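Novice: Data file coords-v2.pdb (PDB, C-alpha atoms) is appended below.
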ATOM      1  CA  MET A   1       0.000   0.000   0.000
ATOM      2  CA  ASP A   2       1.189   3.516  -0.758
ATOM      3  CA  SER A   3      -0.743   6.390   0.765
ATOM      4  CA  SER A   4       2.231   8.744   0.959
ATOM      5  CA  GLY A   5       0.502  11.282  -1.301
ATOM      6  CA  LEU A   6      -2.449  11.555   1.064
ATOM      7  CA  TYR A   7      -0.025  11.617   3.986
ATOM      8  CA  LEU A   8       1.690  14.647   2.455
ATOM      9  CA  ASP A   9      -1.656  16.380   1.918
ATOM     10  CA  VAL A  10      -2.705  15.833   5.543
ATOM     11  CA  THR A  11       0.628  16.855   7.056
ATOM     12  CA  ASP A  12       0.809  19.959   4.859
ATOM     13  CA  PHE A  13      -2.690  20.833   6.081
ATOM     14  CA  ALA A  14      -1.526  20.222   9.668
ATOM     15  CA  HIS A  15       1.313  22.712   9.328
ATOM     16  CA  SER A  16      -1.018  25.344   7.885
ATOM     17  CA  ALA A  17      -3.644  24.835  10.604
ATOM     18  CA  PRO A  18      -3.997  27.340  13.465
ATOM     19  CA  ALA A  19      -1.770  26.712  16.455
ATOM     20  CA  TRP A  20      -4.724  25.840  18.693
ATOM     21  CA  VAL A  21      -5.832  23.122  16.262
ATOM     22  CA  GLN A  22      -2.323  21.688  16.215
ATOM     23  CA  SER A  23      -2.163  21.749  20.010
ATOM     24  CA  ALA A  24      -5.598  20.165  20.379
ATOM     25  CA  LEU A  25      -4.790  17.267  18.061
ATOM     26  CA  GLU A  26      -1.338  16.796  19.571
ATOM     27  CA  PHE A  27      -3.009  16.508  22.990
ATOM     28  CA  TRP A  28      -5.701  14.162  21.680
ATOM     29  CA  THR A  29      -3.251  11.852  19.916
ATOM     30  CA  GLU A  30      -1.192  11.537  23.122
ATOM     31  CA  TYR A  31      -3.947  11.279  25.723
ATOM     32  CA  GLY A  32      -7.228  10.569  23.926
ATOM     33  CA  LEU A  33      -7.143   6.844  24.680
ATOM     34  CA  PHE A  34      -7.654   7.695  28.353
ATOM     35  CA  VAL A  35     -11.158   8.860  27.414
ATOM     36  CA  PHE A  36     -11.954   5.313  26.308
ATOM     37  CA  GLY A  37     -10.542   4.069  29.602
ATOM     38  CA  ALA A  38     -12.870   6.383  31.509
ATOM     39  CA  LEU A  39     -15.806   5.157  29.419
ATOM     40  CA  PHE A  40     -14.912   1.534  30.219
ATOM     41  CA  ILE A  41     -15.112   2.320  33.922
ATOM     42  CA  ALA A  42     -18.363   4.276  33.605
ATOM     43  CA  VAL A  43     -20.051   1.560  31.519
ATOM     44  CA  TRP A  44     -18.924  -1.184  33.919
ATOM     45  CA  TRP A  45     -20.134   0.742  36.967
ATOM     46  CA  ARG A  46     -23.481   1.414  35.321
ATOM     47  CA  SER A  47     -23.843  -2.250  34.346
ATOM     48  CA  ARG A  48     -23.584  -3.441  37.945
ATOM     49  CA  GLY A  49     -27.161  -2.326  38.529
ATOM     50  CA  ALA A  50     -28.549  -4.435  35.673
ATOM     51  CA  ARG A  51     -30.379  -7.694  36.406
ATOM     52  CA  ASP A  52     -29.322  -9.299  33.120
ATOM     53  CA  PRO A  53     -25.827 -10.893  33.472
ATOM     54  CA  ARG A  54     -25.207 -10.225  29.768
ATOM     55  CA  THR A  55     -25.181  -6.492  30.449
ATOM     56  CA  VAL A  56     -22.367  -6.907  32.963
ATOM     57  CA  ALA A  57     -20.568  -9.373  30.696
ATOM     58  CA  LEU A  58     -20.540  -6.911  27.800
ATOM     59  CA  ALA A  59     -19.195  -4.155  30.043
ATOM     60  CA  VAL A  60     -16.430  -6.361  31.437
ATOM     61  CA  LEU A  61     -15.510  -7.698  28.001
ATOM     62  CA  ALA A  62     -15.061  -4.219  26.487
ATOM     63  CA  PRO A  63     -11.565  -3.510  27.887
ATOM     64  CA  PHE A  64     -10.606  -7.183  27.518
ATOM     65  CA  VAL A  65     -11.316  -7.369  23.779
ATOM     66  CA  THR A  66      -9.638  -3.987  23.318
ATOM     67  CA  ALA A  67      -6.499  -5.434  24.879
ATOM     68  CA  LEU A  68      -6.756  -8.388  22.482
ATOM     69  CA  ALA A  69      -6.905  -5.946  19.568
ATOM     70  CA  TYR A  70      -3.759  -4.225  20.802
ATOM     71  CA  VAL A  71      -1.906  -7.550  21.003
ATOM     72  CA  ALA A  72      -3.049  -8.463  17.490
ATOM     73  CA  SER A  73      -1.919  -5.070  16.208
ATOM     74  CA  GLU A  74       1.497  -5.541  17.776
ATOM     75  CA  LEU A  75       1.858  -8.981  16.202
ATOM     76  CA  VAL A  76       1.045  -7.619  12.755
ATOM     77  CA  LYS A  77       3.305  -4.615  13.276
ATOM     78  CA  SER A  78       6.269  -6.803  14.208
ATOM     79  CA  SER A  79       5.829  -8.921  11.071
ATOM     80  CA  VAL A  80       5.374  -6.086   8.553
ATOM     81  CA  ASP A  81       8.246  -3.795   9.654
ATOM     82  CA  GLU A  82       7.006  -0.698   7.822
ATOM     83  CA  GLU A  83       9.109   2.403   8.491
ATOM     84  CA  ARG A  84       7.392   5.468   9.888
ATOM     85  CA  PRO A  85       6.447   8.081   7.278
ATOM     86  CA  CYS A  86       8.116  10.817   9.320
ATOM     87  CA  ARG A  87      11.408   9.189   8.298
ATOM     88  CA  ALA A  88      10.515   7.501   5.019
ATOM     89  CA  VAL A  89       8.566  10.091   2.990
ATOM     90  CA  ALA A  90      10.839  12.414   1.062
ATOM     91  CA  GLY A  91       9.928  16.087   1.251
ATOM     92  CA  ALA A  92       7.470  15.634   4.127
ATOM     93  CA  ALA A  93       7.166  18.383   6.708
ATOM     94  CA  ALA A  94       8.542  17.588  10.139
ATOM     95  CA  SER A  95       6.121  15.641  12.327
ATOM     96  CA  LEU A  96       4.345  17.718  14.970
ATOM     97  CA  ILE A  97       5.358  15.246  17.659
ATOM     98  CA  LYS A  98       8.602  13.313  17.976
ATOM     99  CA  CYS A  99       8.988  10.624  15.337
ATOM    100  CA  PRO A 100       9.015   7.217  17.074
ATOM    101  CA  ALA A 101      12.352   5.420  17.235
ATOM    102  CA  THR A 102      13.493   3.056  14.517
ATOM    103  CA  GLY A 103      12.035  -0.358  15.252
ATOM    104  CA  ASP A 104       8.727   1.101  16.441
ATOM    105  CA  TRP A 105       7.064   0.207  13.163
ATOM    106  CA  SER A 106       4.214   1.987  11.459
ATOM    107  CA  PHE A 107       1.713  -0.591  10.154
ATOM    108  CA  PRO A 108      -0.888  -0.879  11.562
ATOM    109  CA  SER A 109      -1.481   1.962  13.992
ATOM    110  CA  ASN A 110      -1.815   0.661  17.557
ATOM    111  CA  HIS A 111      -3.700   3.814  18.548
ATOM    112  CA  ALA A 112      -6.230   3.300  15.763
ATOM    113  CA  SER A 113      -6.574  -0.411  16.546
ATOM    114  CA  ILE A 114      -7.254   0.322  20.211
ATOM    115  CA  ALA A 115      -9.672   3.131  19.387
ATOM    116  CA  GLY A 116     -11.548   1.019  16.833
ATOM    117  CA  ALA A 117     -11.858  -1.907  19.224
ATOM    118  CA  ALA A 118     -12.886   0.289  22.145
ATOM    119  CA  ALA A 119     -15.501   2.125  20.098
ATOM    120  CA  VAL A 120     -17.146  -1.093  18.899
ATOM    121  CA  ALA A 121     -16.949  -2.858  22.271
ATOM    122  CA  LEU A 122     -18.494   0.117  24.061
ATOM    123  CA  VAL A 123     -21.288   0.367  21.496
ATOM    124  CA  LEU A 124     -22.054  -3.330  21.911
ATOM    125  CA  ALA A 125     -22.274  -2.744  25.661
ATOM    126  CA  VAL A 126     -24.330   0.478  25.414
ATOM    127  CA  ARG A 127     -25.832   1.136  21.980
ATOM    128  CA  GLY A 128     -26.448   4.788  22.735
ATOM    129  CA  LEU A 129     -22.703   5.464  22.891
ATOM    130  CA  ALA A 130     -22.246   5.140  19.122
ATOM    131  CA  PRO A 131     -22.561   8.911  18.420
ATOM    132  CA  LEU A 132     -19.738   9.469  20.920
ATOM    133  CA  THR A 133     -17.303   6.582  20.518
ATOM    134  CA  VAL A 134     -17.290   6.285  16.723
ATOM    135  CA  PRO A 135     -16.313   9.945  16.093
ATOM    136  CA  LEU A 136     -13.709   9.727  18.877
ATOM    137  CA  ALA A 137     -12.142   6.666  17.247
ATOM    138  CA  LEU A 138     -12.101   8.349  13.832
ATOM    139  CA  LEU A 139     -10.552  11.470  15.376
ATOM    140  CA  MET A 140      -7.851   9.344  17.011
ATOM    141  CA  ALA A 141      -7.043   7.723  13.678
ATOM    142  CA  PHE A 142      -6.948  11.078  11.868
ATOM    143  CA  SER A 143      -4.773  12.633  14.564
ATOM    144  CA  ARG A 144      -2.048  10.007  14.039
ATOM    145  CA  VAL A 145      -1.710  11.106  10.423
ATOM    146  CA  PHE A 146      -2.156  14.787  11.273
ATOM    147  CA  VAL A 147       0.793  14.789  13.680
ATOM    148  CA  GLY A 148       2.882  12.940  11.095
ATOM    149  CA  VAL A 149       3.602   9.550  12.667
ATOM    150  CA  HIS A 150       1.390   7.273  10.524
ATOM    151  CA  TYR A 151       0.309   6.793   6.939
ATOM    152  CA  PRO A 152      -3.438   6.917   6.218
ATOM    153  CA  HIS A 153      -3.422   3.188   5.388
ATOM    154  CA  ASP A 154      -1.892   2.473   8.814
ATOM    155  CA  VAL A 155      -4.810   4.032  10.642
ATOM    156  CA  GLY A 156      -7.437   2.712   8.245
ATOM    157  CA  MET A 157      -6.287  -0.862   8.693
ATOM    158  CA  GLY A 158      -5.835  -0.281  12.417
ATOM    159  CA  LEU A 159      -9.457   0.783  12.772
ATOM    160  CA  LEU A 160     -10.636  -2.179  10.696
ATOM    161  CA  LEU A 161      -8.494  -4.662  12.628
ATOM    162  CA  GLY A 162      -9.561  -3.371  16.033
ATOM    163  CA  ALA A 163     -13.243  -3.033  15.217
ATOM    164  CA  SER A 164     -13.616  -6.423  13.528
ATOM    165  CA  LEU A 165     -11.628  -8.298  16.161
ATOM    166  CA  ALA A 166     -13.606  -6.671  18.973
ATOM    167  CA  ALA A 167     -16.927  -7.550  17.341
ATOM    168  CA  LEU A 168     -15.919 -11.177  16.776
ATOM    169  CA  ALA A 169     -14.478 -11.568  20.262
ATOM    170  CA  VAL A 170     -17.568 -10.093  21.931
ATOM    171  CA  LEU A 171     -19.794 -12.358  19.837
ATOM    172  CA  ALA A 172     -17.799 -15.427  20.888
ATOM    173  CA  LEU A 173     -17.304 -14.566  24.561
ATOM    174  CA  THR A 174     -20.539 -12.925  25.704
ATOM    175  CA  GLY A 175     -22.344 -16.200  26.424
ATOM    176  CA  PRO A 176     -19.563 -17.735  28.546
ATOM    177  CA  ALA A 177     -18.913 -14.412  30.297
ATOM    178  CA  ALA A 178     -22.598 -14.001  31.156
ATOM    179  CA  ARG A 179     -22.668 -17.483  32.700
ATOM    180  CA  ILE A 180     -19.629 -16.607  34.807
ATOM    181  CA  VAL A 181     -21.288 -13.370  35.959
ATOM    182  CA  ALA A 182     -24.449 -15.261  36.914
ATOM    183  CA  ALA A 183     -22.428 -17.829  38.849
ATOM    184  CA  VAL A 184     -20.432 -15.159  40.678
ATOM    185  CA  ARG A 185     -23.614 -13.317  41.612
ATOM    186  CA  ALA A 186     -25.223 -16.525  42.833
ATOM    187  CA  SER A 187     -22.226 -17.270  45.062
ATOM    188  CA  GLY A 188     -22.887 -14.079  47.005
ATOM    189  CA  GLY A 189     -19.183 -13.451  47.677
ATOM    190  CA  ARG A 190     -18.402  -9.843  48.527
ATOM    191  CA  ALA A 191     -15.545  -9.513  46.046
ATOM    192  CA  GLY A 192     -17.610 -11.042  43.263
ATOM    193  CA  VAL A 193     -20.626  -8.873  43.975
ATOM    194  CA  LEU A 194     -18.360  -5.816  43.993
ATOM    195  CA  ILE A 195     -17.286  -6.645  40.443
ATOM    196  CA  THR A 196     -20.552  -7.930  38.994
ATOM    197  CA  GLY A 197     -23.084  -6.030  41.065
ATOM    198  CA  PRO A 198     -25.797  -7.635  43.216
ATOM    199  CA  GLY A 199     -27.873 -10.380  41.690
ATOM    200  CA  PRO A 200     -31.633 -10.638  42.097
ATOM    201  CA  ALA A 201     -31.268 -12.368  45.475
ATOM    202  CA  GLN A 202     -28.946  -9.780  47.020
ATOM    203  CA  PRO A 203     -29.884  -6.304  48.248
ATOM    204  CA  SER A 204     -28.465  -3.480  46.161
TER
END
Could the structure of this file be written out as structure tokens, please?

Specialist:
Amino acid sequence: MDSSGLYLDVTDFAHSAPAWVQSALEFWTEYGLFVFGALFIAVWWRSRGARDPRTVALAVLAPFVTALAYVASELVKSSVDEERPCRAVAGAAASLIKCPATGDWSFPSNHASIAGAAAVALVLAVRGLAPLTVPLALLMAFSRVFVGVHYPHDVGMGLLLGASLAALAVLALTGPAARIVAAVRASGGRAGVLITGPGPAQPS
């Protein structure tokens, strides 16, 4: 794949953008994944009040399948060995953030893979989150190109990898996870109830 032309267009646009836009996207690309982490916690906490064990299972699976997507992204990255565009593209403007070291390969984007997986997993847990998580994932992917550390095809494939793997993993694991949640609730153990929330037989 060669998306260096589009990479040049985006990075040229980045350097012509107002300073506040540059700063905002630099901040988002560095720290935006923490927003997904906060959403994982909020969705899990909210799920503890649900009677249906599947609701809790989906909330607990969200960060788990996102971690799986990250591992898959790393495995692909280590086998492809694509150099970062901030070093490889001739005539490109300097990246807005430090170009990752040699050996920290470019394809696919880990940030985009994590964001894609998190967005899908959160939507499967709480459908109403789609208008929030999907744009945030797309913004994360765009920001990696904007700051100059990824090609467009890196982030596109990262989103696709993360989203598809998360969907498949949730589909495969929700049933078993829901049975575990139901069993933990039925046991009545304090630690288990803290994680899964009270079952129908326990006071809330």

Novice: What is the distance, in Å and to one decimal place, between atom CA of Ala169 of chain A and atom CA of Phe40 of chain A?

Specialist: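 Taking atom CA of Ala169 of chain A and atom CA of Phe40 of chain A, their separation equals 16.5 Å.
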
Novice: Determine, counting all atoms listed in the file, every residue of protein, DNA or RNA that lies within 12 Å of (-9.8, -6.3, 23.9) in the file coordinates, then give the result as a PyMOL selection string.

Specialist: chain A and resi 37+40+58-73+113-122+161-170+173

Novice: Give me a file of those residues, with C-alpha atoms, as a CSV table (one decimal), in the coordinates of the input.

Specialist:
chain,number,residue,atom,x,y,z
A,37,GLY,CA,-10.5,4.1,29.6
A,40,PHE,CA,-14.9,1.5,30.2
A,58,LEU,CA,-20.5,-6.9,27.8
A,59,ALA,CA,-19.2,-4.2,30.0
A,60,VAL,CA,-16.4,-6.4,31.4
A,61,LEU,CA,-15.5,-7.7,28.0
A,62,ALA,CA,-15.1,-4.2,26.5
A,63,PRO,CA,-11.6,-3.5,27.9
A,64,PHE,CA,-10.6,-7.2,27.5
A,65,VAL,CA,-11.3,-7.4,23.8
A,66,THR,CA,-9.6,-4.0,23.3
A,67,ALA,CA,-6.5,-5.4,24.9
A,68,LEU,CA,-6.8,-8.4,22.5
A,69,ALA,CA,-6.9,-5.9,19.6
A,70,TYR,CA,-3.8,-4.2,20.8
A,71,VAL,CA,-1.9,-7.6,21.0
A,72,ALA,CA,-3.0,-8.5,17.5
A,73,SER,CA,-1.9,-5.1,16.2
A,113,SER,CA,-6.6,-0.4,16.5
A,114,ILE,CA,-7.3,0.3,20.2
A,115,ALA,CA,-9.7,3.1,19.4
A,116,GLY,CA,-11.5,1.0,16.8
A,117,ALA,CA,-11.9,-1.9,19.2
A,118,ALA,CA,-12.9,0.3,22.1
A,119,ALA,CA,-15.5,2.1,20.1
A,120,VAL,CA,-17.1,-1.1,18.9
A,121,ALA,CA,-16.9,-2.9,22.3
A,122,LEU,CA,-18.5,0.1,24.1
A,161,LEU,CA,-8.5,-4.7,12.6
A,162,GLY,CA,-9.6,-3.4,16.0
A,163,ALA,CA,-13.2,-3.0,15.2
A,164,SER,CA,-13.6,-6.4,13.5
A,165,LEU,CA,-11.6,-8.3,16.2
A,166,ALA,CA,-13.6,-6.7,19.0
A,167,ALA,CA,-16.9,-7.6,17.3
A,168,LEU,CA,-15.9,-11.2,16.8
A,169,ALA,CA,-14.5,-11.6,20.3
A,170,VAL,CA,-17.6,-10.1,21.9
A,173,LEU,CA,-17.3,-14.6,24.6

Novice: For Ala172 of chain A, which residue out of A:Glu82, A:Val193, A:Ala130, A:Ala57 is the nearest one, using all atoms listed in the file?

Specialist: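 Checking each candidate against Ala172 of chain A, we get A:Ala57 as the closest.
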
Novice: Apply the PyMOL selection byres ((chain A and resi 183) around 12) to the structure shown and report the selected residues as a compact mmCIF listing (two decimals) with C-alpha atoms, in the frame of the given file.

Specialist:
# COMPACT_ATOMS: atom_id res chain seq x y z
CA PRO A 53 -25.83 -10.89 33.47
CA ALA A 57 -20.57 -9.37 30.70
CA PRO A 176 -19.56 -17.74 28.55
CA ALA A 177 -18.91 -14.41 30.30
CA ALA A 178 -22.60 -14.00 31.16
CA ARG A 179 -22.67 -17.48 32.70
CA ILE A 180 -19.63 -16.61 34.81
CA VAL A 181 -21.29 -13.37 35.96
CA ALA A 182 -24.45 -15.26 36.91
CA VAL A 184 -20.43 -15.16 40.68
CA ARG A 185 -23.61 -13.32 41.61
CA ALA A 186 -25.22 -16.52 42.83
CA SER A 187 -22.23 -17.27 45.06
CA GLY A 188 -22.89 -14.08 47.00
CA GLY A 189 -19.18 -13.45 47.68
CA GLY A 192 -17.61 -11.04 43.26
CA VAL A 193 -20.63 -8.87 43.98
CA THR A 196 -20.55 -7.93 38.99
CA PRO A 198 -25.80 -7.64 43.22
CA GLY A 199 -27.87 -10.38 41.69

Novice: Go ahead and compute the interatomic distance for atom CA of Gly158 of chain A and atom CA of Trp45 of chain A, in Å to one decimal.

Specialist: 28.4 Å

Novice: Using all atoms listed in the file, which residue out of A:Asp154, A:His111, A:Leu75, A:Phe142 lies closest to Phe34 of chain A?

Specialist: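 Smallest separation from Phe34 of chain A among the options: A:His111.
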
Novice: Enumerate, as a PyMOL selection string, the residues matched when the PyMOL selection byres ((chain A and resi 109) around 9) is run on the file above.

Specialist: chain A and resi 73-74+77+105-108+110-114+141+144+150-151+153-159

Novice: Output the selection as an mmCIF file, in the frame of the given file - C-alpha atoms for each residue.

Specialist:
data_model
loop_
_atom_site.group_PDB
_atom_site.id
_atom_site.type_symbol
_atom_site.label_atom_id
_atom_site.label_comp_id
_atom_site.auth_asym_id
_atom_site.auth_seq_id
_atom_site.Cartn_x
_atom_site.Cartn_y
_atom_site.Cartn_z
ATOM 1 C CA SER A 73 -1.919 -5.070 16.208
ATOM 2 C CA GLU A 74 1.497 -5.541 17.776
ATOM 3 C CA LYS A 77 3.305 -4.615 13.276
ATOM 4 C CA TRP A 105 7.064 0.207 13.163
ATOM 5 C CA SER A 106 4.214 1.987 11.459
ATOM 6 C CA PHE A 107 1.713 -0.591 10.154
ATOM 7 C CA PRO A 108 -0.888 -0.879 11.562
ATOM 8 C CA ASN A 110 -1.815 0.661 17.557
ATOM 9 C CA HIS A 111 -3.700 3.814 18.548
ATOM 10 C CA ALA A 112 -6.230 3.300 15.763
ATOM 11 C CA SER A 113 -6.574 -0.411 16.546
ATOM 12 C CA ILE A 114 -7.254 0.322 20.211
ATOM 13 C CA ALA A 141 -7.043 7.723 13.678
ATOM 14 C CA ARG A 144 -2.048 10.007 14.039
ATOM 15 C CA HIS A 150 1.390 7.273 10.524
ATOM 16 C CA TYR A 151 0.309 6.793 6.939
ATOM 17 C CA HIS A 153 -3.422 3.188 5.388
ATOM 18 C CA ASP A 154 -1.892 2.473 8.814
ATOM 19 C CA VAL A 155 -4.810 4.032 10.642
ATOM 20 C CA GLY A 156 -7.437 2.712 8.245
ATOM 21 C CA MET A 157 -6.287 -0.862 8.693
ATOM 22 C CA GLY A 158 -5.835 -0.281 12.417
ATOM 23 C CA LEU A 159 -9.457 0.783 12.772
#

Novice: Take atom CA of Ser143 of chain A and atom CA of Thr29 of chain A and report the distance between them in Å, one decimal.

Specialist: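 According to the coordinates, atom CA of Ser143 of chain A and atom CA of Thr29 of chain A are separated by 5.6 Å.
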
Novice: From the list A:Leu124, A:Ala94, A:Val56, A:Leu139, which residue is nearest Leu194 of chain A when using all atoms listed in the file?

Specialist: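 Among A:Leu124, A:Ala94, A:Val56, A:Leu139, it is A:Val56 that comes nearest to Leu194 of chain A.
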
Novice: List as a ChimeraX atom specification the protein and nucleic acid residues near Leu25 of chain A, meaning an atom at most 8 Å away when all atoms listed in the file are counted, but skip any in the same chain fewer than 2 places from it.

Specialist: /A:21-23,27-29,143,146-147

Novice: Please, could you write that set of residues out with C-alpha atoms as a PDB file, in the frame of the given file?

Specialist:
ATOM      1  CA  VAL A  21      -5.832  23.122  16.262  1.00  0.00           C
ATOM      2  CA  GLN A  22      -2.323  21.688  16.215  1.00  0.00           C
ATOM      3  CA  SER A  23      -2.163  21.749  20.010  1.00  0.00           C
ATOM      4  CA  PHE A  27      -3.009  16.508  22.990  1.00  0.00           C
ATOM      5  CA  TRP A  28      -5.701  14.162  21.680  1.00  0.00           C
ATOM      6  CA  THR A  29      -3.251  11.852  19.916  1.00  0.00           C
ATOM      7  CA  SER A 143      -4.773  12.633  14.564  1.00  0.00           C
ATOM      8  CA  PHE A 146      -2.156  14.787  11.273  1.00  0.00           C
ATOM      9  CA  VAL A 147       0.793  14.789  13.680  1.00  0.00           C
TER      10      VAL A 147
END
